[in-house]
$ cat upload_11.cif   # mmCIF, C-alpha atoms
data_upload
#
loop_
_atom_site.label_atom_id
_atom_site.label_comp_id
_atom_site.auth_asym_id
_atom_site.auth_seq_id
_atom_site.Cartn_x
_atom_site.Cartn_y
_atom_site.Cartn_z
CA MET L 1169 42.49 -66.98 18.70
CA SER L 1170 41.56 -63.32 18.74
CA ALA L 1171 42.37 -61.01 15.86
CA THR L 1172 42.11 -58.04 18.21
CA PRO L 1173 45.16 -55.82 17.69
CA ALA L 1174 47.43 -55.14 20.66
CA LEU L 1175 47.34 -51.71 22.26
CA ASP L 1176 50.21 -49.24 22.15
CA PRO L 1177 49.76 -47.55 25.56
CA THR L 1178 51.52 -44.37 24.44
CA HIS L 1179 48.72 -43.73 21.94
CA THR L 1180 45.87 -45.18 24.03
CA ALA L 1181 43.38 -43.56 26.40
CA LEU L 1182 40.89 -45.29 28.66
CA LEU L 1183 37.68 -43.26 28.72
CA VAL L 1184 35.95 -43.47 32.11
CA MET L 1185 32.53 -41.93 31.54
CA ASP L 1186 29.81 -41.01 34.01
CA TYR L 1187 31.19 -43.07 36.88
CA GLN L 1188 29.44 -40.67 39.25
CA PRO L 1189 27.39 -41.60 42.35
CA ALA L 1190 24.21 -40.05 40.89
CA ILE L 1191 24.51 -42.17 37.74
CA LEU L 1192 25.72 -45.36 39.41
CA ALA L 1193 22.51 -45.11 41.45
CA VAL L 1194 20.43 -45.97 38.35
CA LEU L 1195 21.98 -49.44 38.21
CA PRO L 1196 20.35 -52.30 40.13
CA GLU L 1197 21.61 -52.55 43.71
CA ASP L 1198 22.57 -56.22 43.61
CA GLY L 1199 26.29 -56.28 44.19
CA ASN L 1200 27.01 -55.57 40.54
CA ARG L 1201 27.90 -51.95 41.27
CA LYS L 1202 30.76 -52.97 43.56
CA ALA L 1203 31.99 -55.56 41.05
CA LEU L 1204 31.85 -52.94 38.29
CA LEU L 1205 33.91 -50.51 40.38
CA ASP L 1206 36.37 -53.30 41.22
CA ARG L 1207 36.89 -54.06 37.53
CA MET L 1208 37.26 -50.39 36.60
CA GLU L 1209 39.74 -49.80 39.40
CA GLY L 1210 41.82 -52.64 37.97
CA ALA L 1211 41.52 -51.41 34.37
CA ILE L 1212 42.56 -47.88 35.33
CA ALA L 1213 45.58 -49.25 37.23
CA ASP L 1214 46.53 -51.43 34.24
CA VAL L 1215 46.44 -48.54 31.79
CA ARG L 1216 48.33 -46.23 34.16
CA THR L 1217 51.02 -48.84 34.90
CA ASN L 1218 51.63 -49.34 31.19
CA GLY L 1219 51.92 -45.63 30.42
CA GLY L 1220 48.49 -45.05 28.92
CA THR L 1221 46.23 -42.05 29.45
CA ILE L 1222 43.11 -41.97 31.63
CA ALA L 1223 40.39 -39.58 30.48
CA TYR L 1224 37.45 -38.94 32.76
CA VAL L 1225 34.15 -37.62 31.46
CA ARG L 1226 31.43 -36.52 33.85
CA VAL L 1227 28.07 -34.85 33.40
CA GLY L 1228 27.21 -31.75 35.40
CA PHE L 1229 25.34 -28.51 34.77
CA THR L 1230 25.73 -24.87 35.69
CA GLU L 1231 22.72 -22.55 35.96
CA THR L 1232 23.65 -21.23 32.51
CA ASP L 1233 23.74 -24.76 31.09
CA TRP L 1234 20.26 -25.52 32.43
CA ASP L 1235 18.87 -22.27 31.05
CA ALA L 1236 20.24 -23.06 27.58
CA ILE L 1237 18.54 -26.47 27.27
CA PRO L 1238 15.48 -26.15 25.01
CA ALA L 1239 12.17 -27.71 25.98
CA ALA L 1240 12.37 -29.79 22.78
CA ASN L 1241 15.34 -31.77 24.16
CA LYS L 1242 13.55 -34.90 25.32
CA SER L 1243 16.43 -36.23 27.41
CA PHE L 1244 17.82 -33.11 29.03
CA ALA L 1245 14.88 -30.71 29.38
CA PRO L 1246 13.58 -32.59 32.47
CA LEU L 1247 17.01 -32.29 34.11
CA ALA L 1248 16.98 -28.55 33.49
CA GLN L 1249 13.40 -28.19 34.69
CA HIS L 1250 14.16 -29.93 37.98
CA ARG L 1251 17.68 -28.44 38.32
CA VAL L 1252 19.35 -31.81 38.87
CA MET L 1253 22.99 -32.86 38.34
CA HIS L 1254 24.51 -29.52 39.38
CA HIS L 1255 28.22 -29.64 38.60
CA GLU L 1256 29.20 -28.85 42.20
CA ASP L 1257 26.93 -31.50 43.75
CA PRO L 1258 29.10 -34.25 45.31
CA ALA L 1259 26.85 -36.81 43.58
CA THR L 1260 28.19 -35.59 40.20
CA ALA L 1261 31.87 -36.01 41.17
CA ILE L 1262 33.87 -38.95 39.83
CA HIS L 1263 33.40 -41.88 42.23
CA GLU L 1264 36.06 -41.69 44.93
CA ARG L 1265 37.38 -45.18 44.15
CA LEU L 1266 38.23 -44.07 40.60
CA ALA L 1267 39.41 -40.56 41.44
CA PRO L 1268 41.51 -38.72 38.84
CA GLN L 1269 45.21 -38.17 39.42
CA ASP L 1270 47.61 -35.50 38.23
CA GLY L 1271 48.17 -35.80 34.51
CA ASP L 1272 44.78 -37.35 33.77
CA ILE L 1273 42.30 -35.68 31.44
CA THR L 1274 39.02 -34.61 33.07
CA VAL L 1275 36.16 -32.96 31.19
CA ARG L 1276 32.63 -31.94 32.12
CA LYS L 1277 29.89 -32.50 29.55
CA ILE L 1278 26.28 -31.37 29.26
CA ARG L 1279 24.97 -33.97 26.78
CA TYR L 1280 25.33 -37.73 26.29
CA GLY L 1281 28.47 -37.88 24.19
CA GLY L 1282 31.92 -37.45 25.68
CA MET L 1283 33.09 -35.18 22.87
CA SER L 1284 30.12 -33.17 21.60
CA THR L 1285 30.12 -30.52 24.36
CA THR L 1286 33.74 -30.80 25.56
CA ASP L 1287 37.29 -30.30 24.32
CA LEU L 1288 38.06 -34.01 24.89
CA ASP L 1289 38.88 -34.68 21.23
CA GLN L 1290 41.33 -31.76 21.18
CA GLN L 1291 43.02 -32.86 24.41
CA LEU L 1292 43.39 -36.43 23.13
CA ARG L 1293 44.83 -35.27 19.79
CA GLU L 1294 47.33 -33.03 21.59
CA ARG L 1295 48.64 -36.09 23.43
CA GLY L 1296 48.86 -38.17 20.25
CA ILE L 1297 46.03 -40.46 21.29
CA THR L 1298 44.65 -42.50 18.37
CA THR L 1299 43.07 -45.40 20.27
CA LEU L 1300 40.25 -45.28 22.81
CA VAL L 1301 39.13 -47.93 25.25
CA VAL L 1302 35.58 -46.94 26.15
CA SER L 1303 33.93 -47.60 29.50
CA GLY L 1304 30.95 -45.92 31.09
CA ILE L 1305 27.39 -45.74 32.28
CA SER L 1306 25.15 -46.13 30.51
CA THR L 1307 25.67 -48.35 27.49
CA SER L 1308 22.65 -46.78 25.75
CA GLY L 1309 23.61 -43.22 26.69
CA ALA L 1310 27.19 -41.99 27.07
CA VAL L 1311 28.76 -45.12 25.60
CA LEU L 1312 26.55 -45.30 22.51
CA SER L 1313 26.87 -41.60 21.72
CA THR L 1314 30.62 -41.55 22.26
CA VAL L 1315 31.36 -44.71 20.29
CA ILE L 1316 29.44 -43.44 17.26
CA ASP L 1317 31.07 -39.99 17.46
CA ALA L 1318 34.60 -41.34 18.04
CA ALA L 1319 34.23 -43.82 15.17
CA ASP L 1320 33.32 -40.94 12.87
CA ARG L 1321 36.47 -39.15 14.08
CA ASP L 1322 38.56 -42.20 13.06
CA TYR L 1323 39.75 -43.37 16.45
CA GLN L 1324 40.61 -47.04 16.78
CA LEU L 1325 38.02 -48.19 19.30
CA TYR L 1326 37.70 -50.86 21.93
CA VAL L 1327 34.61 -51.18 24.13
CA LEU L 1328 35.22 -52.64 27.57
CA SER L 1329 32.33 -55.09 27.78
CA ASP L 1330 32.55 -55.51 31.56
CA GLY L 1331 33.26 -51.80 32.13
CA VAL L 1332 29.95 -50.64 30.65
CA ALA L 1333 26.54 -51.05 32.23
CA ASP L 1334 22.94 -50.08 31.61
CA PRO L 1335 19.69 -50.31 33.60
CA ASP L 1336 18.15 -52.12 30.59
CA THR L 1337 19.92 -55.46 30.12
CA GLU L 1338 18.28 -56.16 26.77
CA VAL L 1339 19.39 -52.85 25.24
CA HIS L 1340 22.87 -53.33 26.74
CA ASN L 1341 23.21 -56.74 25.08
CA VAL L 1342 21.93 -55.59 21.68
CA LEU L 1343 24.43 -52.73 21.64
CA LEU L 1344 27.38 -54.88 22.73
CA HIS L 1345 26.63 -57.76 20.36
CA LYS L 1346 24.88 -56.16 17.39
CA VAL L 1347 25.77 -52.45 17.18
CA PHE L 1348 29.23 -51.80 18.60
CA PRO L 1349 31.13 -54.58 16.78
CA SER L 1350 30.85 -52.72 13.46
CA ARG L 1351 32.74 -49.80 15.02
CA ALA L 1352 34.85 -51.23 17.83
CA HIS L 1353 36.69 -54.27 19.12
CA ILE L 1354 34.75 -55.72 22.07
CA ILE L 1355 37.08 -56.77 24.88
CA ASP L 1356 36.82 -57.30 28.63
CA THR L 1357 39.13 -56.17 31.41
CA ALA L 1358 41.14 -59.42 31.31
CA GLU L 1359 41.76 -58.97 27.57
CA LEU L 1360 42.70 -55.32 28.15
CA HIS L 1361 45.30 -56.51 30.66
CA ALA L 1362 46.75 -58.90 28.05
CA LEU L 1363 46.60 -56.48 25.11
CA LEU L 1364 48.52 -53.81 27.04
CA ARG L 1365 51.40 -56.18 27.68
CA THR L 1366 53.04 -56.39 24.30
CA ASP L 1367 56.63 -56.92 25.42
#
$ encode --input "upload_11.cif" --output "structure tokens"
Amino acid sequence: MSATPALDPTHTALLVMDYQPAILAVLPEDGNRKALLDRMEGAIADVRTNGGTIAYVRVGFTETDWDAIPAANKSFAPLAQHRVMHHEDPATAIHERLAPQDGDITVRKIRYGGMSTTDLDQQLRERGITTLVVSGISTSGAVLSTVIDAADRDYQLYVLSDGVADPDTEVHNVLLHKVFPSRAHIIDTAELHALLRTD
């Protein structure tokens, strides 16, 4: 018996982070990518059908963004140096299978976290969103940064265990089993389906 509280879709957003071809490419090519997209397609449909909000976060840089990244930034300085992940590159678009629809939130970020360089928090608050279901690539990047930030902002958090992925399986597992549970309920897409249906 799970003590996980049910979700009120009217106050819930599913965060779909970094589901972009360029980032999906870092995952092993072993059929898992397709399965991951299948699950996320289903989760997005579930949340939409039940009246929840879908919020897409993608990473992409303008020339100005690249120029503003200091050499001391260990993660992002190499991206700026090599001018990769330009915001207009098709490889930085949301994957076509998960494409945003009218009424969805879409933000472009220039660091790991979904909120630190965007107005995502403001847009969520304006819609009365108090609960976030977090999905994304990678578990040790966007997901970790966003979960910690969103917890500090007092959102009720759920991490979609089969909607997050990381090139490093060991790190992925430590985060899901040891780090995230102190800040979030860990659920999978089947549980999400059940938790949304409260009638």
$ residues_around --input "upload_11.cif" --residues "Pro1349 of chain L" --least-positions-apart "2" --cutoff "12 Å" --atoms "all atoms listed in the file" --output "list in words"
Thr1172, Leu1312, Val1315, Ile1316, Ala1319, Leu1325, Tyr1326, Val1327, Leu1328, Ser1329, Asn1341, Val1342, Leu1343, Leu1344, His1345, Lys1346, Val1347, Arg1351, Ala1352, His1353, Ile1354 and Ile1355 of chain L
$ write_last_selection --input "upload_11.cif" --atoms "C-alpha atoms" --output "mmCIF file, in the coordinates of the input"
data_model
loop_
_atom_site.group_PDB
_atom_site.id
_atom_site.type_symbol
_atom_site.label_atom_id
_atom_site.label_comp_id
_atom_site.auth_asym_id
_atom_site.auth_seq_id
_atom_site.Cartn_x
_atom_site.Cartn_y
_atom_site.Cartn_z
ATOM 1 C CA THR L 1172 42.110 -58.040 18.210
ATOM 2 C CA LEU L 1312 26.550 -45.300 22.510
ATOM 3 C CA VAL L 1315 31.360 -44.710 20.290
ATOM 4 C CA ILE L 1316 29.440 -43.440 17.260
ATOM 5 C CA ALA L 1319 34.230 -43.820 15.170
ATOM 6 C CA LEU L 1325 38.020 -48.190 19.300
ATOM 7 C CA TYR L 1326 37.700 -50.860 21.930
ATOM 8 C CA VAL L 1327 34.610 -51.180 24.130
ATOM 9 C CA LEU L 1328 35.220 -52.640 27.570
ATOM 10 C CA SER L 1329 32.330 -55.090 27.780
ATOM 11 C CA ASN L 1341 23.210 -56.740 25.080
ATOM 12 C CA VAL L 1342 21.930 -55.590 21.680
ATOM 13 C CA LEU L 1343 24.430 -52.730 21.640
ATOM 14 C CA LEU L 1344 27.380 -54.880 22.730
ATOM 15 C CA HIS L 1345 26.630 -57.760 20.360
ATOM 16 C CA LYS L 1346 24.880 -56.160 17.390
ATOM 17 C CA VAL L 1347 25.770 -52.450 17.180
ATOM 18 C CA ARG L 1351 32.740 -49.800 15.020
ATOM 19 C CA ALA L 1352 34.850 -51.230 17.830
ATOM 20 C CA HIS L 1353 36.690 -54.270 19.120
ATOM 21 C CA ILE L 1354 34.750 -55.720 22.070
ATOM 22 C CA ILE L 1355 37.080 -56.770 24.880
#
$ residues_around --input "upload_11.cif" --residues "His1255 of chain L" --least-positions-apart "2" --cutoff "8 Å" --atoms "only C-alpha atoms" --output "list in words"
Val1227, Gly1228, Phe1229, Thr1230, Met1253, Asp1257, Thr1260 and Ala1261 of chain L
$ resolve_selection --input "upload_11.cif" --expression "the PyMOL selection byres ((chain L and resi 1226) around 12)" --output "JSON, numbers by chain"
{"L": [1183, 1184, 1185, 1186, 1187, 1188, 1189, 1190, 1191, 1192, 1223, 1224, 1225, 1227, 1228, 1229, 1253, 1254, 1255, 1256, 1257, 1258, 1259, 1260, 1261, 1262, 1263, 1267, 1268, 1273, 1274, 1275, 1276, 1277, 1278, 1279, 1280, 1281, 1282, 1283, 1285, 1286, 1288, 1304, 1305, 1306, 1310]}
$ closest_residue --input "upload_11.cif" --among "L:Ala1203, L:Val1339, L:Leu1266, L:Val1301" --to "Leu1363 of chain L" --atoms "all atoms listed in the file"
L:Val1301
$ atom_distance --input "upload_11.cif" --atom1 "atom CA of Lys1202 of chain L" --atom2 "atom CA of Ala1181 of chain L"
23.3 Å
$ atom_distance --input "upload_11.cif" --atom1 "atom CA of Asp1356 of chain L" --atom2 "atom CA of Thr1221 of chain L"
17.9 Å
$ closest_residue --input "upload_11.cif" --among "L:Arg1216, L:His1340, L:Arg1265, L:Arg1251" --to "Ile1237 of chain L" --atoms "only C-alpha atoms"
L:Arg1251
$ atom_distance --input "upload_11.cif" --atom1 "atom CA of Ala1333 of chain L" --atom2 "atom CA of Val1311 of chain L"
9.2 Å
$ residues_around --input "upload_11.cif" --residues "Ala1239 of chain L" --least-positions-apart "4" --cutoff "9 Å" --atoms "all atoms listed in the file" --output "count of residues only"
5
$ closest_residue --input "upload_11.cif" --among "L:Tyr1323, L:Thr1299, L:Glu1197, L:Ala1236" --to "Leu1175 of chain L" --atoms "only C-alpha atoms"
L:Thr1299
$ closest_residue --input "upload_11.cif" --among "L:Gly1220, L:Pro1238, L:Pro1196, L:Gly1271" --to "Asp1334 of chain L" --atoms "all atoms listed in the file"
L:Pro1196
$ closest_residue --input "upload_11.cif" --among "L:Leu1247, L:Ala1358, L:Leu1182, L:Leu1204" --to "Ser1303 of chain L" --atoms "all atoms listed in the file"
L:Leu1182
$ axis_aligned_box --input "upload_11.cif" --around "segment 1299-1308 of chain L" --padding-each-side "4 Å" --output "AutoDock Vina command-line options"
--center_x 32.9 --center_y -46.8 --center_z 26.3 --size_x 28.4 --size_y 11.1 --size_z 20.0
$ closest_residue --input "upload_11.cif" --among "L:Pro1173, L:Gly1199, L:Gly1210, L:Pro1335" --to "His1361 of chain L" --atoms "all atoms listed in the file"
L:Gly1210
